[in-house]
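Heads up, the thing below is written out as structure tokens.
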Amino acid sequence: MSKKDMDLNKADGESLETSSNAEEAAEIGASEEIKEGADIGESSEKAALAEENGDKGEDKSGDGKNAPVKEKPLSGRKKRFKYGALSVAVTVIFVAAIVLINIIFNMVLGRFDISADLTDNSMYSIDAATVDYIKGLEDNIRIIVTVEEADFENAGAYYKQVSEIVKTFAANNPKINARYLDLDANPAFFSSYGATLTAGSIIVESEKTGRNVIITPNDYLSPKYSFNGNEVTAETYSMYYQLGYGSSGLLSVEYYAAAERCFLSGIMNVTNDDPVRVAVLTEDYGASSPSALVSMLEANAYIVEEIKLSSVEKIDSDIDFTILFAPIYDLSNDDLNKIDIWLDNGGKYDKNFMYIAASTVDVLPNINSYLKDWGLSMDSGYVYQTNDYAFNGGSTYQILEFKGGDYASGVDTQTKQTQADRLKPIELLFDEYSIYKTEAIVSSFDGAVIAPFEGLDDFDPSKAERTGAFPVVAGSSKTFYEGVEPHQSRVYTVSGHYILDRNFMEATYLNNSDIFLNIFNFASGKDNVEISVSPKSFSVQTFEITASQVRAITIVFAAVVPLLVVAAGVVVIVRRKRR
């Protein structure tokens with residue numbers, strides 16, 4: 001055999017050997033896989049058996065046969081699915097939490113007063129005294145607005161302010177329930193309240209007493225009418241308007257926010273078991289309307305009504321207080337006798353009468369003669385101040401001195417003043433006489449003189465015959481005792497109605513309204529019930545947002561922010577899937 005053939009045979013042999021070795025290796029590998037599979041199956045059976053027997057996988061034999069089986073690491077696909085699902089779950093929970101917080105926050109806003117009032121004069125807030133009173137209510141109160149809420153608030157800034165005050169009242173006591181109900185759509189519901197209701201009227205009623213009061217837009221918006229810079233009544237304003245002064249620039253209307261005062265007054269009235277009745281004695285003509293005084297009284301739970309004195313045989317004995325406001329004509333002796341009989345009250349007394357003279361009318365003889373029986377006399381002329389308490393160096397418009405006494409409770413004389421214009425001097429004829437006793441309540445400061453009623457422009461104060469301090473508000477009482485219990489009737493005299501003008505009564509730097517409220521409270525036995533709330537002018541500058549700004553803020557927080565959160569979650573999911 002040649003060398004070549006030998007080499008070929010050798011190569012063939014090596015190939016066969018290699019092939020034989022490969023087949024043997026394959027058989028061995030297969031055998032090992034079968035064995036491994038058997039071992040895995042055996043381990044699975046053991047694990048299952050151990051789980052059934054409560055075995056926790058500990059190796060109790062010590063030979064390693066019962067050792068816990070290690071979990072195989074997750075594949076990339078399973079890993080992405082696991083962490084992707086977790087990310088989605090976290091995102092969904094986060095978004096759901098935001099939605100839930102938003103719902104809870106809106107519920108809290110609807111139930112509690114946590115808003116911020118940024119107006120100059122706290123237009124959308126209520127006084128601390130009002131809050132304290134509301135929180136102490138134990139009666140269930142309903143406030144019913146006779147317009148749908150959206151329509152009421154969209155009627156203008158004035159009505160929006162009223163709506164906010166309604167919400168504030170309800171937020172401070174769960175016993176106050178506020179609702180909006182369209183008047184035309186619910187005739188059966190409103191039928192029991194009478195025909196005086198109009199769209200925009202607001203009903204305040206008590207569940208306990210069953211009484212209700214109806215507040216009109218003219219009440220809670222409290223318009224102030226002026227002609228040529230002087231306040232006039234609504235009737236006078238209408239008369240001038242019909243005479244053609246509407247475009248002259250002489251007529252003006254300014255609105256005041258009186259919702260807080262109206263709601264507080266309404267609640268006080270309907271919850272009061274024994275309210276004080278006040279009658280304004282009217283005739284055909286008066287120098288002015290007592291609107292500011294009546295508003296103050298009604299705001300403090302007095303029931304105010306009108307009586308035409310010449311048209312009644314007698315004054316109702318259930319009335320506690322009567323007011324004669326700025327008459328320009330004298331009363332007859334018959335009418336004065338009606339007042340006197342009512343004050344005597346069958347010998348029981350406990351009645352009160354206030355005469356408020358017209359600043360523009362001189363002394364009325366019949367009325368003044370009756371006042372003298374009580375130790376009071378009004379003199380002709382005006383109290384004219386000549387020192388620093390006068391405006392413009394010498395004037396009938398002046399700062400006055402409040403005497404205090406029984407009427408001092410709660411009146412701020414440190415930071416507030418008492419002011420008025422065109423007041424006549426009052427003379428106290430005696431301090432005490434028989435069962436009568438007189439006192440000055442408000443007077444001018446020393447240094448005043450008496451100017452003539454006519455010819456004031458030509459008056460020279462240096463030539464005045466009388467000088468000193470002159471009472472301008474005074475009172476007189478007569479008393480009898482039933483055992484040790486005193487019973488009194490009182491007569492109060494105010495020498496000019498300008499002291500009760502709205503400008504003086506509602507100015508926050510003056511205490512005119514506080515003084516007169518104290519007079520009524522003390523005389524009526526209501527010393528412990530006094531909350532004086534003054535209307536607030538709508539003309540002040542406020543920090544408010546426009547309707548377009550409201551829409552923009554709504555879009556941002558109701559749509560844009562949630563969408564951004566969802567988008568951020570989607571981005572996180574996509575990025576993690578691509579890892």
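Going through the structure tokens in order, the chains are called A, B, and so on, while each chain numbers its residues from 1 and the ligands are numbered from 1 in the order shown.
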Show me, as JSON lines, the residues of region 237-339 of chain A having an atom within 10 Å of region 345-368 of chain A, each with the closest atom pair and its distance in Å, using only C-alpha atoms.
{"residue": "A:Val278", "atom": "CA", "partner": "A:Asn352", "partner_atom": "CA", "distance": 9.4}
{"residue": "A:Ala279", "atom": "CA", "partner": "A:Phe353", "partner_atom": "CA", "distance": 9.6}
{"residue": "A:Val280", "atom": "CA", "partner": "A:Met354", "partner_atom": "CA", "distance": 9.6}
{"residue": "A:Leu281", "atom": "CA", "partner": "A:Tyr355", "partner_atom": "CA", "distance": 9.9}
{"residue": "A:Gly286", "atom": "CA", "partner": "A:Ala358", "partner_atom": "CA", "distance": 8.0}
{"residue": "A:Ala287", "atom": "CA", "partner": "A:Ala358", "partner_atom": "CA", "distance": 6.0}
{"residue": "A:Ser288", "atom": "CA", "partner": "A:Ala358", "partner_atom": "CA", "distance": 8.0}
{"residue": "A:Pro290", "atom": "CA", "partner": "A:Ile356", "partner_atom": "CA", "distance": 9.7}
{"residue": "A:Asp316", "atom": "CA", "partner": "A:Asn345", "partner_atom": "CA", "distance": 10.0}
{"residue": "A:Ser317", "atom": "CA", "partner": "A:Asn345", "partner_atom": "CA", "distance": 6.9}
{"residue": "A:Asp318", "atom": "CA", "partner": "A:Lys351", "partner_atom": "CA", "distance": 9.6}
{"residue": "A:Ile319", "atom": "CA", "partner": "A:Lys351", "partner_atom": "CA", "distance": 8.0}
{"residue": "A:Asp320", "atom": "CA", "partner": "A:Lys351", "partner_atom": "CA", "distance": 5.4}
{"residue": "A:Phe321", "atom": "CA", "partner": "A:Asn352", "partner_atom": "CA", "distance": 4.8}
{"residue": "A:Thr322", "atom": "CA", "partner": "A:Phe353", "partner_atom": "CA", "distance": 4.9}
{"residue": "A:Ile323", "atom": "CA", "partner": "A:Met354", "partner_atom": "CA", "distance": 4.9}
{"residue": "A:Leu324", "atom": "CA", "partner": "A:Tyr355", "partner_atom": "CA", "distance": 4.9}
{"residue": "A:Phe325", "atom": "CA", "partner": "A:Ile356", "partner_atom": "CA", "distance": 5.0}
{"residue": "A:Ala326", "atom": "CA", "partner": "A:Ala358", "partner_atom": "CA", "distance": 4.0}
{"residue": "A:Pro327", "atom": "CA", "partner": "A:Ala358", "partner_atom": "CA", "distance": 6.1}
{"residue": "A:Ile328", "atom": "CA", "partner": "A:Val361", "partner_atom": "CA", "distance": 6.2}
{"residue": "A:Tyr329", "atom": "CA", "partner": "A:Leu364", "partner_atom": "CA", "distance": 7.3}
{"residue": "A:Asp330", "atom": "CA", "partner": "A:Leu364", "partner_atom": "CA", "distance": 5.4}
{"residue": "A:Leu331", "atom": "CA", "partner": "A:Asn366", "partner_atom": "CA", "distance": 6.5}
{"residue": "A:Ser332", "atom": "CA", "partner": "A:Asn366", "partner_atom": "CA", "distance": 7.1}
{"residue": "A:Asn333", "atom": "CA", "partner": "A:Asn366", "partner_atom": "CA", "distance": 7.0}
{"residue": "A:Leu336", "atom": "CA", "partner": "A:Ile367", "partner_atom": "CA", "distance": 7.5}
{"residue": "A:Ile339", "atom": "CA", "partner": "A:Phe353", "partner_atom": "CA", "distance": 8.0}
*DSSP on the backbone, then: every residue of region 224-297 of chain A marked strand (DSSP E or B), written as a ChimeraX atom specification.*
/A:224-227,230-232,251-257,277-282,286
Export N, CA and C atoms of the chosen residues as a PDB file, in the first residue's frame?
ATOM      1  N   LYS A 224     -79.474 104.749  47.241  1.00  0.00           N
ATOM      2  CA  LYS A 224     -79.515 106.089  47.827  1.00  0.00           C
ATOM      3  C   LYS A 224     -79.752 107.073  46.680  1.00  0.00           C
ATOM      4  N   TYR A 225     -80.861 107.819  46.747  1.00  0.00           N
ATOM      5  CA  TYR A 225     -81.243 108.745  45.690  1.00  0.00           C
ATOM      6  C   TYR A 225     -80.823 110.160  46.056  1.00  0.00           C
ATOM      7  N   SER A 226     -80.301 110.885  45.073  1.00  0.00           N
ATOM      8  CA  SER A 226     -79.843 112.251  45.323  1.00  0.00           C
ATOM      9  C   SER A 226     -80.306 113.171  44.203  1.00  0.00           C
ATOM     10  N   PHE A 227     -80.598 114.415  44.589  1.00  0.00           N
ATOM     11  CA  PHE A 227     -80.902 115.469  43.621  1.00  0.00           C
ATOM     12  C   PHE A 227     -80.034 116.674  43.963  1.00  0.00           C
ATOM     13  N   ASN A 230     -78.074 116.401  47.221  1.00  0.00           N
ATOM     14  CA  ASN A 230     -78.807 116.188  48.473  1.00  0.00           C
ATOM     15  C   ASN A 230     -79.638 114.913  48.371  1.00  0.00           C
ATOM     16  N   GLU A 231     -79.635 114.125  49.460  1.00  0.00           N
ATOM     17  CA  GLU A 231     -80.388 112.872  49.461  1.00  0.00           C
ATOM     18  C   GLU A 231     -81.888 113.155  49.454  1.00  0.00           C
ATOM     19  N   VAL A 232     -82.608 112.416  48.609  1.00  0.00           N
ATOM     20  CA  VAL A 232     -84.059 112.540  48.529  1.00  0.00           C
ATOM     21  C   VAL A 232     -84.671 111.150  48.593  1.00  0.00           C
ATOM     22  N   LEU A 251     -79.667 114.299  38.995  1.00  0.00           N
ATOM     23  CA  LEU A 251     -80.169 113.097  39.652  1.00  0.00           C
ATOM     24  C   LEU A 251     -79.115 111.995  39.644  1.00  0.00           C
ATOM     25  N   SER A 252     -78.996 111.300  40.737  1.00  0.00           N
ATOM     26  CA  SER A 252     -78.034 110.195  40.807  1.00  0.00           C
ATOM     27  C   SER A 252     -78.552 109.127  41.763  1.00  0.00           C
ATOM     28  N   VAL A 253     -78.093 107.897  41.534  1.00  0.00           N
ATOM     29  CA  VAL A 253     -78.435 106.770  42.401  1.00  0.00           C
ATOM     30  C   VAL A 253     -77.150 106.039  42.741  1.00  0.00           C
ATOM     31  N   GLU A 254     -76.926 105.813  44.019  1.00  0.00           N
ATOM     32  CA  GLU A 254     -75.770 105.031  44.468  1.00  0.00           C
ATOM     33  C   GLU A 254     -76.283 103.848  45.275  1.00  0.00           C
ATOM     34  N   TYR A 255     -75.763 102.643  44.943  1.00  0.00           N
ATOM     35  CA  TYR A 255     -76.235 101.437  45.613  1.00  0.00           C
ATOM     36  C   TYR A 255     -75.298 101.043  46.754  1.00  0.00           C
ATOM     37  N   TYR A 256     -75.911 100.539  47.816  1.00  0.00           N
ATOM     38  CA  TYR A 256     -75.167 100.080  48.984  1.00  0.00           C
ATOM     39  C   TYR A 256     -75.474  98.605  49.223  1.00  0.00           C
ATOM     40  N   ALA A 257     -74.439  97.848  49.585  1.00  0.00           N
ATOM     41  CA  ALA A 257     -74.598  96.415  49.860  1.00  0.00           C
ATOM     42  C   ALA A 257     -75.178  96.245  51.260  1.00  0.00           C
ATOM     43  N   ARG A 277     -92.340  96.462  68.762  1.00  0.00           N
ATOM     44  CA  ARG A 277     -93.044  97.107  67.651  1.00  0.00           C
ATOM     45  C   ARG A 277     -92.820  98.617  67.699  1.00  0.00           C
ATOM     46  N   VAL A 278     -92.408  99.168  66.559  1.00  0.00           N
ATOM     47  CA  VAL A 278     -92.180 100.610  66.442  1.00  0.00           C
ATOM     48  C   VAL A 278     -93.116 101.148  65.360  1.00  0.00           C
ATOM     49  N   ALA A 279     -93.829 102.224  65.667  1.00  0.00           N
ATOM     50  CA  ALA A 279     -94.736 102.843  64.696  1.00  0.00           C
ATOM     51  C   ALA A 279     -94.222 104.228  64.327  1.00  0.00           C
ATOM     52  N   VAL A 280     -94.070 104.478  63.026  1.00  0.00           N
ATOM     53  CA  VAL A 280     -93.731 105.803  62.531  1.00  0.00           C
ATOM     54  C   VAL A 280     -95.047 106.524  62.267  1.00  0.00           C
ATOM     55  N   LEU A 281     -95.290 107.614  63.001  1.00  0.00           N
ATOM     56  CA  LEU A 281     -96.529 108.380  62.870  1.00  0.00           C
ATOM     57  C   LEU A 281     -96.396 109.313  61.677  1.00  0.00           C
ATOM     58  N   THR A 282     -97.130 109.041  60.630  1.00  0.00           N
ATOM     59  CA  THR A 282     -96.971 109.793  59.384  1.00  0.00           C
ATOM     60  C   THR A 282     -98.164 110.702  59.148  1.00  0.00           C
ATOM     61  N   GLY A 286     -93.844 115.557  55.102  1.00  0.00           N
ATOM     62  CA  GLY A 286     -92.705 115.531  55.997  1.00  0.00           C
ATOM     63  C   GLY A 286     -91.510 116.106  55.277  1.00  0.00           C
TER      64      GLY A 286
END
*Name the residues of region 84-323 of chain A that come out as helix (DSSP H, G or I) in a backbone DSSP run; write them as number ranges by chain.*
A: 84-111, 128-135, 149-153, 157-171, 187-193, 217-220, 234-245, 259-271, 291-299, 309-311
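Among the candidate residues A:Val449, A:Val491, A:Val550, A:Ala292, the one lying nearest to Asn503 (chain A) is A:Ala292, with distances computed using only C-alpha atoms.
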*Quick one: pull the distance between CA of Ile203 (chain A) and CA of Thr271 (chain A), Å, one decimal.*
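Value for the CA of Ile203 (chain A)-CA of Thr271 (chain A) distance: 13.8 Å.
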_For CA of Phe522 (chain A) and CA of Arg490 (chain A), the interatomic separation in Å (one decimal)_ =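 If I compute the distance from CA of Phe522 (chain A) to CA of Arg490 (chain A), I get 10.9 Å.
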